[in-house]
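K.L.:
Please find model.tsv (TSV, C-alpha atoms) on the next line:
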chain	number	residue	atom	x	y	z
O	26	LEU	CA	83.09	103.30	72.80
O	27	LEU	CA	83.22	99.53	73.08
O	28	SER	CA	81.74	97.19	75.67
O	29	ALA	CA	82.95	93.71	76.44
O	30	GLN	CA	83.20	91.01	79.07
O	31	SER	CA	86.54	90.25	80.67
O	32	THR	CA	85.91	86.67	81.71
O	33	GLU	CA	86.93	83.68	79.63
O	34	GLY	CA	84.95	84.72	76.57
O	35	GLU	CA	81.53	84.36	78.24
O	36	VAL	CA	80.09	86.69	75.61
O	37	PRO	CA	81.68	87.01	72.15
O	38	PHE	CA	83.34	90.38	71.70
O	39	MET	CA	81.09	91.75	68.97
O	40	GLU	CA	77.89	90.52	70.60
O	41	CYS	CA	78.64	92.78	73.57
O	42	LEU	CA	78.10	95.82	71.36
O	43	SER	CA	74.39	95.06	71.16
O	44	MET	CA	73.91	94.44	74.89
O	45	ASN	CA	71.72	96.74	76.96
O	46	PRO	CA	74.51	98.90	78.43
O	47	ILE	CA	72.66	99.73	81.66
O	48	ALA	CA	71.30	96.25	82.37
O	49	SER	CA	74.81	94.84	81.99
O	50	LEU	CA	76.06	97.12	84.79
O	51	ILE	CA	73.57	96.11	87.47
O	52	GLY	CA	75.01	93.90	90.17
O	53	ARG	CA	78.48	93.66	88.69
O	54	THR	CA	81.86	95.40	88.62
O	55	THR	CA	82.59	97.42	85.48
O	56	PHE	CA	85.92	99.02	84.59
O	57	LEU	CA	86.13	102.09	82.37
O	58	LEU	CA	89.33	102.01	80.32
O	59	GLY	CA	90.68	104.71	78.03
O	60	SER	CA	92.79	104.71	74.91
O	61	GLU	CA	94.69	107.72	76.29
O	62	LYS	CA	94.47	110.48	78.89
O	63	HIS	CA	91.39	112.71	78.61
O	64	ALA	CA	89.60	110.19	76.40
O	65	GLY	CA	86.37	110.75	78.34
O	66	LYS	CA	86.34	107.99	80.98
O	67	THR	CA	85.12	110.17	83.83
O	68	THR	CA	82.50	111.89	81.68
O	69	PHE	CA	81.19	108.49	80.61
O	70	MET	CA	81.19	107.28	84.23
O	71	LYS	CA	79.00	110.25	85.17
O	72	PHE	CA	76.62	109.36	82.33
O	73	LEU	CA	76.37	105.75	83.56
O	74	LEU	CA	75.77	106.91	87.14
O	75	THR	CA	72.89	109.09	85.95
O	76	LYS	CA	71.33	106.22	84.00
O	77	LEU	CA	71.69	103.82	86.94
O	78	ARG	CA	70.01	106.32	89.25
O	79	GLU	CA	67.14	106.64	86.77
O	80	GLU	CA	66.72	102.85	87.11
O	81	GLY	CA	66.68	103.18	90.91
O	82	VAL	CA	70.06	101.46	91.22
O	83	SER	CA	72.57	102.76	93.77
O	84	SER	CA	76.20	102.53	92.73
O	85	THR	CA	79.68	102.48	94.21
O	86	VAL	CA	82.49	104.34	92.44
O	87	LEU	CA	86.27	104.41	92.78
O	88	SER	CA	89.22	105.38	90.66
O	89	ILE	CA	92.52	103.81	89.64
O	90	GLY	CA	94.01	107.32	89.38
O	91	VAL	CA	92.79	110.73	90.55
O	92	ASP	CA	89.46	112.00	89.23
O	93	GLY	CA	87.16	114.87	90.07
O	94	GLU	CA	89.89	117.49	90.62
O	95	GLY	CA	89.48	120.71	88.68
O	96	HIS	CA	92.60	120.37	86.57
O	97	ASP	CA	95.05	117.62	85.68
O	98	LEU	CA	97.99	117.88	88.06
O	99	LEU	CA	100.50	117.07	85.31
O	100	THR	CA	99.18	118.85	82.22
O	101	GLY	CA	96.90	121.51	83.72
O	102	ALA	CA	94.08	120.43	81.40
O	103	PRO	CA	90.56	120.91	82.81
O	104	LYS	CA	88.90	117.74	84.14
O	105	PRO	CA	85.21	117.00	84.75
O	106	GLU	CA	83.80	117.43	88.23
O	107	VAL	CA	82.45	114.32	89.96
O	108	ILE	CA	79.25	115.04	91.89
O	109	LEU	CA	77.74	112.19	93.88
O	110	GLU	CA	74.15	112.06	95.03
O	111	THR	CA	72.59	110.88	98.28
O	112	GLY	CA	72.74	107.09	98.47
O	113	ASP	CA	75.80	106.70	96.24
O	114	MET	CA	78.82	104.94	97.72
O	115	LEU	CA	82.49	105.53	97.03
O	116	ILE	CA	86.02	104.51	97.87
O	117	THR	CA	88.60	107.29	98.13
O	118	LEU	CA	91.14	108.64	100.61
O	119	GLU	CA	90.10	110.37	103.83
O	120	LYS	CA	91.30	113.84	102.84
O	121	ALA	CA	88.92	113.90	99.88
O	122	LEU	CA	85.94	113.51	102.23
O	123	TYR	CA	87.09	116.41	104.41
O	124	GLN	CA	87.58	118.69	101.40
O	125	SER	CA	84.16	117.97	99.91
O	126	LYS	CA	81.07	120.06	100.69
O	127	GLY	CA	79.04	116.87	100.69
O	128	SER	CA	78.22	114.83	103.78
O	129	PHE	CA	79.30	111.21	104.14
O	130	GLU	CA	78.77	108.22	106.39
O	131	LEU	CA	81.99	106.32	106.94
O	132	LEU	CA	81.33	102.61	106.46
O	133	GLU	CA	84.84	101.18	106.66
O	134	ALA	CA	88.47	102.29	106.81
O	135	PHE	CA	91.03	100.08	105.09
O	136	PRO	CA	94.64	99.37	106.08
O	137	GLY	CA	97.34	101.68	104.83
O	138	GLU	CA	97.83	105.40	105.35
O	139	GLY	CA	99.63	108.08	103.37
O	140	ALA	CA	99.71	111.84	103.00
O	141	PHE	CA	96.01	111.88	102.09
O	142	GLY	CA	94.92	109.52	104.87
O	143	ARG	CA	93.53	106.01	104.77
O	144	PRO	CA	91.42	104.48	102.01
O	145	VAL	CA	87.79	104.56	103.10
O	146	LEU	CA	84.42	103.24	101.98
O	147	ALA	CA	81.71	105.86	102.50
O	148	LYS	CA	78.06	106.50	101.69
O	149	VAL	CA	76.83	109.90	100.52
O	150	ARG	CA	74.36	111.55	102.89
O	151	ARG	CA	74.32	114.96	101.15
O	152	ARG	CA	75.28	115.47	97.51
O	153	GLY	CA	78.54	117.14	96.71
O	154	ALA	CA	81.60	117.21	94.49
O	155	ILE	CA	84.32	114.75	95.47
O	156	GLU	CA	87.79	113.72	94.36
O	157	LEU	CA	88.17	110.02	93.72
O	158	ILE	CA	91.75	109.15	94.66
O	159	ARG	CA	93.31	105.77	93.94
O	160	PRO	CA	93.10	103.69	97.13
O	161	GLY	CA	96.03	101.38	96.33
O	162	ASP	CA	97.51	98.90	93.87
O	163	ASN	CA	95.62	96.15	92.03
O	164	GLN	CA	95.82	93.78	94.99
O	165	GLN	CA	94.46	96.37	97.41
O	166	THR	CA	91.76	97.36	94.94
O	167	ALA	CA	90.73	93.70	94.65
O	168	PHE	CA	90.44	93.46	98.43
O	169	MET	CA	88.28	96.59	98.63
O	170	VAL	CA	86.01	95.53	95.78
O	171	GLN	CA	85.48	92.21	97.58
O	172	ARG	CA	84.63	94.05	100.81
O	173	ILE	CA	81.95	95.98	98.93
O	174	ARG	CA	80.60	92.64	97.71
O	175	ASP	CA	80.64	91.30	101.28
O	176	ILE	CA	78.50	94.24	102.43
O	177	HIS	CA	76.32	94.52	99.31
O	178	PRO	CA	76.45	91.29	97.25
O	179	ASN	CA	74.44	92.86	94.41
O	180	ALA	CA	76.34	96.14	94.30
O	181	SER	CA	76.89	97.89	90.98
O	182	ILE	CA	80.52	99.04	91.04
O	183	LEU	CA	82.08	101.45	88.54
O	184	VAL	CA	85.87	101.76	88.43
O	185	ASP	CA	87.30	104.77	86.60
O	186	GLY	CA	90.43	103.17	85.17
O	187	ALA	CA	93.80	104.47	84.07
O	188	ALA	CA	94.66	105.35	80.49
O	189	GLN	CA	96.30	102.63	78.39
O	190	ARG	CA	96.23	100.12	81.24
O	191	MET	CA	94.16	96.96	81.53
O	192	THR	CA	95.87	95.18	84.43
O	193	GLN	CA	93.27	96.51	86.88
O	194	LEU	CA	90.73	94.12	85.32
O	195	ILE	CA	92.17	91.34	87.46
O	196	SER	CA	90.93	93.19	90.56
O	197	ALA	CA	87.44	91.71	90.30
O	198	PRO	CA	86.23	88.30	89.10
O	199	ASN	CA	83.58	88.24	86.37
O	200	ALA	CA	84.04	91.94	85.70
O	201	GLY	CA	83.07	93.74	82.52
O	202	PHE	CA	84.67	96.74	80.90
O	203	TYR	CA	84.10	99.63	78.54
O	204	MET	CA	86.88	100.98	76.39
O	205	ILE	CA	86.50	104.70	75.70
O	206	LEU	CA	88.34	105.73	72.57
O	207	ARG	CA	89.60	109.14	71.54
O	208	VAL	CA	90.14	108.91	67.81
O	209	ARG	CA	91.93	111.57	65.79
O	210	PRO	CA	93.50	111.42	62.33
O	211	ASN	CA	96.99	110.99	63.76
O	212	SER	CA	95.91	108.28	66.23
O	213	LEU	CA	93.57	106.24	64.03
O	214	LEU	CA	96.01	103.42	63.30
O	215	ARG	CA	97.05	103.12	66.93
O	216	VAL	CA	93.41	102.93	68.06
O	217	VAL	CA	92.67	100.28	65.43
O	218	GLU	CA	95.58	98.22	66.80
O	219	GLN	CA	94.15	98.57	70.32
O	220	LEU	CA	90.79	97.27	69.10
O	221	ARG	CA	92.44	94.35	67.33
O	222	LEU	CA	94.29	93.47	70.53
O	223	LEU	CA	91.04	93.58	72.52
O	224	ALA	CA	89.36	91.31	70.00
O	225	LEU	CA	92.25	88.85	70.19
O	226	LEU	CA	92.22	88.86	73.99
O	227	GLN	CA	88.54	87.95	73.94
O	228	GLU	CA	89.45	84.73	72.14
O	229	VAL	CA	92.01	83.65	74.74
O	230	THR	CA	90.89	80.57	76.67
O	231	LYS	CA	92.31	78.76	79.66
O	232	PRO	CA	94.99	76.16	78.85
O	233	GLN	CA	93.92	72.54	79.03
O	234	GLU	CA	94.74	70.87	82.33
O	235	ALA	CA	97.26	68.62	80.61
O	236	CYS	CA	99.07	71.64	79.19
O	237	SER	CA	102.24	72.62	81.03
O	238	GLU	CA	102.47	76.31	81.77
O	239	GLN	CA	104.66	78.90	83.45
O	240	ARG	CA	103.08	81.73	85.39
O	241	PHE	CA	104.64	85.10	86.11
O	242	VAL	CA	103.35	87.39	88.84
O	243	GLY	CA	103.33	91.04	87.84
O	244	ALA	CA	104.81	92.57	84.70
O	245	LEU	CA	106.80	90.36	82.33
O	246	THR	CA	110.20	92.03	82.55
O	247	GLN	CA	113.31	91.10	80.59
O	248	ARG	CA	114.69	89.31	83.64
O	249	LYS	CA	111.55	87.21	84.01
O	250	ALA	CA	111.46	86.50	80.29
O	251	LYS	CA	114.85	84.80	80.56
O	252	ALA	CA	113.17	82.11	82.66
O	253	LEU	CA	110.93	81.10	79.73
O	254	SER	CA	111.49	77.57	78.54
O	255	GLU	CA	113.07	77.19	75.12
O	256	HIS	CA	110.14	74.91	74.27
O	257	THR	CA	107.56	77.66	74.88
O	258	LYS	CA	105.21	77.93	71.92
O	259	THR	CA	102.60	80.41	73.16
O	260	LEU	CA	102.88	83.46	75.40
O	261	VAL	CA	99.67	85.04	76.73
Written as structure tokens, how would this file's structure read?
P.N.:
Amino acid sequence: LLSAQSTEGEVPFMECLSMNPIASLIGRTTFLLGSEKHAGKTTFMKFLLTKLREEGVSSTVLSIGVDGEGHDLLTGAPKPEVILETGDMLITLEKALYQSKGSFELLEAFPGEGAFGRPVLAKVRRRGAIELIRPGDNQQTAFMVQRIRDIHPNASILVDGAAQRMTQLISAPNAGFYMILRVRPNSLLRVVEQLRLLALLQEVTKPQEACSEQRFVGALTQRKAKALSEHTKTLV
């Protein structure tokens, strides 16, 4: 398990390991990333929620995937149940609220509707198990996180991220993250490479204003890469 900041190297990577893990969550957005599926992201999120409640801090949770269902829809592997307590807040899709035995106060419904209804922001009135279903893409997630901030400027937001993906970090300014690692003998070298990449990313700084740069929106595909200048020296 590693903790770090995601913003312009505010805190050196290794120093983050000695930070008070709970104090660093209060009033900010924190993403939980995983080295692979079933690495323990949701279990760790539940642990953080418990610790925040012990500090008297209410939290808002959402997921980049689907969490809280009994079994993984693709592999059939068992998944941890997500139980929210009175006072917690969450973003999920409407159908998840109807299927839960908990009771919720609907605070806001967001644009967009699919088979599972609209994305909604709700507050727990009676504890219960709930499925956290991805409310949208990174841009939509960013909008919803900002709406939470508009309503509760000092909200502590936990985002259960997707395995092997870090792009969701752009959904919130000044966000932090935890990387949850599942290390086995046959995955040790791959995990070490992931850690080295994280350490390198922490050292990346903004280009100087005088530096010419090209920006690409979204994934850097082969087609986009062809637009790179032949004089390009650094690619971030």
K.L.:
Quote the spacing between CA of Ala140 in chain O and CA of Met169 in chain O in Å to one decimal place.
P.N.:
19.6 Å
K.L.:
Have a look at CA of Asn199 in chain O and CA of Gly59 in chain O and let me know their distance in Å, one decimal.
P.N.:
19.8 Å
K.L.:
Taking (90.0, 105.5, 99.3) in the file's coordinates as the center, which residues reach within 6 Å of it, counting all atoms listed in the file, put as a list in words?
P.N.:
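Protein and nucleic acid residues near the point are Ile116, Thr117, Leu118, Pro144, Val145 and Pro160 of chain O.
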K.L.:
CA of Ala64 in chain O to CA of Gly243 in chain O: how many Å, to one decimal?
P.N.:
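A separation of 26.2 Å between them.
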K.L.:
Could you give me, as JSON, numbers by chain, the residues that have an atom at most 7 Å away from the point (93.9, 108.7, 106.0) in the coordinates of the file, using all atoms listed in the file?
P.N.:
{"O": [118, 119, 120, 138, 139, 141, 142, 143, 144]}
K.L.:
Leaving out Arg152 in chain O and any residue of its chain fewer than 5 positions from it, which residues lie within 6 Å of it when counting only C-alpha atoms, given as number ranges by chain?
P.N.:
O: 109-111, 127
K.L.:
Got a minute to add all heavy atoms to range 72-83 of chain O and dump it as a PDB file, keeping the file's coordinate frame?
P.N.:
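Wrote it out as rebuild.pdb, contents follow:
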ATOM      1  N   PHE O  72      77.797 109.720  83.128  1.00  0.00           N
ATOM      2  CA  PHE O  72      76.620 109.360  82.330  1.00  0.00           C
ATOM      3  C   PHE O  72      76.017 108.048  82.833  1.00  0.00           C
ATOM      4  O   PHE O  72      74.801 107.937  83.017  1.00  0.00           O
ATOM      5  CB  PHE O  72      77.020 109.238  80.863  1.00  0.00           C
ATOM      6  CG  PHE O  72      75.999 108.577  79.990  1.00  0.00           C
ATOM      7  CD1 PHE O  72      74.883 109.277  79.552  1.00  0.00           C
ATOM      8  CD2 PHE O  72      76.141 107.253  79.612  1.00  0.00           C
ATOM      9  CE1 PHE O  72      73.921 108.659  78.750  1.00  0.00           C
ATOM     10  CE2 PHE O  72      75.201 106.628  78.807  1.00  0.00           C
ATOM     11  CZ  PHE O  72      74.078 107.332  78.380  1.00  0.00           C
ATOM     12  N   LEU O  73      76.864 107.035  83.073  1.00  0.00           N
ATOM     13  CA  LEU O  73      76.370 105.750  83.560  1.00  0.00           C
ATOM     14  C   LEU O  73      75.735 105.884  84.941  1.00  0.00           C
ATOM     15  O   LEU O  73      74.695 105.267  85.219  1.00  0.00           O
ATOM     16  CB  LEU O  73      77.505 104.730  83.605  1.00  0.00           C
ATOM     17  CG  LEU O  73      78.111 104.312  82.258  1.00  0.00           C
ATOM     18  CD1 LEU O  73      79.241 103.307  82.479  1.00  0.00           C
ATOM     19  CD2 LEU O  73      77.057 103.733  81.327  1.00  0.00           C
ATOM     20  N   LEU O  74      76.337 106.690  85.804  1.00  0.00           N
ATOM     21  CA  LEU O  74      75.770 106.910  87.140  1.00  0.00           C
ATOM     22  C   LEU O  74      74.363 107.502  87.042  1.00  0.00           C
ATOM     23  O   LEU O  74      73.444 107.085  87.754  1.00  0.00           O
ATOM     24  CB  LEU O  74      76.666 107.840  87.949  1.00  0.00           C
ATOM     25  CG  LEU O  74      77.889 107.219  88.607  1.00  0.00           C
ATOM     26  CD1 LEU O  74      78.779 108.315  89.202  1.00  0.00           C
ATOM     27  CD2 LEU O  74      77.478 106.232  89.690  1.00  0.00           C
ATOM     28  N   THR O  75      74.209 108.466  86.142  1.00  0.00           N
ATOM     29  CA  THR O  75      72.890 109.090  85.950  1.00  0.00           C
ATOM     30  C   THR O  75      71.871 108.059  85.485  1.00  0.00           C
ATOM     31  O   THR O  75      70.737 108.000  85.989  1.00  0.00           O
ATOM     32  CB  THR O  75      72.991 110.237  84.935  1.00  0.00           C
ATOM     33  OG1 THR O  75      73.879 111.232  85.434  1.00  0.00           O
ATOM     34  CG2 THR O  75      71.621 110.865  84.693  1.00  0.00           C
ATOM     35  N   LYS O  76      72.249 107.229  84.523  1.00  0.00           N
ATOM     36  CA  LYS O  76      71.330 106.220  84.000  1.00  0.00           C
ATOM     37  C   LYS O  76      70.986 105.175  85.057  1.00  0.00           C
ATOM     38  O   LYS O  76      69.841 104.714  85.144  1.00  0.00           O
ATOM     39  CB  LYS O  76      71.941 105.552  82.765  1.00  0.00           C
ATOM     40  CG  LYS O  76      72.070 106.474  81.564  1.00  0.00           C
ATOM     41  CD  LYS O  76      70.704 106.998  81.138  1.00  0.00           C
ATOM     42  CE  LYS O  76      70.780 107.902  79.941  1.00  0.00           C
ATOM     43  NZ  LYS O  76      69.433 108.434  79.545  1.00  0.00           N
ATOM     44  N   LEU O  77      71.954 104.783  85.871  1.00  0.00           N
ATOM     45  CA  LEU O  77      71.690 103.820  86.940  1.00  0.00           C
ATOM     46  C   LEU O  77      70.737 104.402  87.974  1.00  0.00           C
ATOM     47  O   LEU O  77      69.829 103.717  88.461  1.00  0.00           O
ATOM     48  CB  LEU O  77      73.001 103.388  87.597  1.00  0.00           C
ATOM     49  CG  LEU O  77      73.860 102.413  86.781  1.00  0.00           C
ATOM     50  CD1 LEU O  77      75.260 102.317  87.374  1.00  0.00           C
ATOM     51  CD2 LEU O  77      73.212 101.027  86.739  1.00  0.00           C
ATOM     52  N   ARG O  78      70.920 105.677  88.301  1.00  0.00           N
ATOM     53  CA  ARG O  78      70.010 106.320  89.250  1.00  0.00           C
ATOM     54  C   ARG O  78      68.594 106.360  88.695  1.00  0.00           C
ATOM     55  O   ARG O  78      67.613 106.182  89.433  1.00  0.00           O
ATOM     56  CB  ARG O  78      70.495 107.737  89.574  1.00  0.00           C
ATOM     57  CG  ARG O  78      71.806 107.787  90.345  1.00  0.00           C
ATOM     58  CD  ARG O  78      72.169 109.225  90.691  1.00  0.00           C
ATOM     59  NE  ARG O  78      73.527 109.341  91.186  1.00  0.00           N
ATOM     60  CZ  ARG O  78      74.492 110.036  90.593  1.00  0.00           C
ATOM     61  NH1 ARG O  78      74.233 110.694  89.463  1.00  0.00           N
ATOM     62  NH2 ARG O  78      75.704 110.089  91.118  1.00  0.00           N
ATOM     63  N   GLU O  79      68.466 106.611  87.390  1.00  0.00           N
ATOM     64  CA  GLU O  79      67.140 106.640  86.770  1.00  0.00           C
ATOM     65  C   GLU O  79      66.459 105.279  86.875  1.00  0.00           C
ATOM     66  O   GLU O  79      65.219 105.191  86.885  1.00  0.00           O
ATOM     67  CB  GLU O  79      67.259 107.049  85.301  1.00  0.00           C
ATOM     68  CG  GLU O  79      67.645 108.516  85.109  1.00  0.00           C
ATOM     69  CD  GLU O  79      67.894 108.865  83.650  1.00  0.00           C
ATOM     70  OE1 GLU O  79      67.827 107.940  82.793  1.00  0.00           O
ATOM     71  OE2 GLU O  79      68.161 110.050  83.353  1.00  0.00           O
ATOM     72  N   GLU O  80      67.258 104.203  86.950  1.00  0.00           N
ATOM     73  CA  GLU O  80      66.720 102.850  87.110  1.00  0.00           C
ATOM     74  C   GLU O  80      66.520 102.494  88.584  1.00  0.00           C
ATOM     75  O   GLU O  80      66.117 101.374  88.898  1.00  0.00           O
ATOM     76  CB  GLU O  80      67.662 101.834  86.464  1.00  0.00           C
ATOM     77  CG  GLU O  80      67.813 101.980  84.963  1.00  0.00           C
ATOM     78  CD  GLU O  80      66.536 101.639  84.214  1.00  0.00           C
ATOM     79  OE1 GLU O  80      65.795 100.753  84.677  1.00  0.00           O
ATOM     80  OE2 GLU O  80      66.273 102.265  83.161  1.00  0.00           O
ATOM     81  N   GLY O  81      66.821 103.452  89.482  1.00  0.00           N
ATOM     82  CA  GLY O  81      66.680 103.180  90.910  1.00  0.00           C
ATOM     83  C   GLY O  81      67.790 102.336  91.481  1.00  0.00           C
ATOM     84  O   GLY O  81      67.628 101.714  92.543  1.00  0.00           O
ATOM     85  N   VAL O  82      68.934 102.296  90.799  1.00  0.00           N
ATOM     86  CA  VAL O  82      70.060 101.460  91.220  1.00  0.00           C
ATOM     87  C   VAL O  82      71.118 102.347  91.871  1.00  0.00           C
ATOM     88  O   VAL O  82      71.590 103.310  91.269  1.00  0.00           O
ATOM     89  CB  VAL O  82      70.677 100.722  90.024  1.00  0.00           C
ATOM     90  CG1 VAL O  82      71.891  99.905  90.468  1.00  0.00           C
ATOM     91  CG2 VAL O  82      69.640  99.829  89.367  1.00  0.00           C
ATOM     92  N   SER O  83      71.483 102.039  93.114  1.00  0.00           N
ATOM     93  CA  SER O  83      72.570 102.760  93.770  1.00  0.00           C
ATOM     94  C   SER O  83      73.892 102.146  93.337  1.00  0.00           C
ATOM     95  O   SER O  83      73.984 100.942  93.092  1.00  0.00           O
ATOM     96  CB  SER O  83      72.431 102.688  95.295  1.00  0.00           C
ATOM     97  OG  SER O  83      72.463 101.350  95.740  1.00  0.00           O
TER      98      SER O  83
END
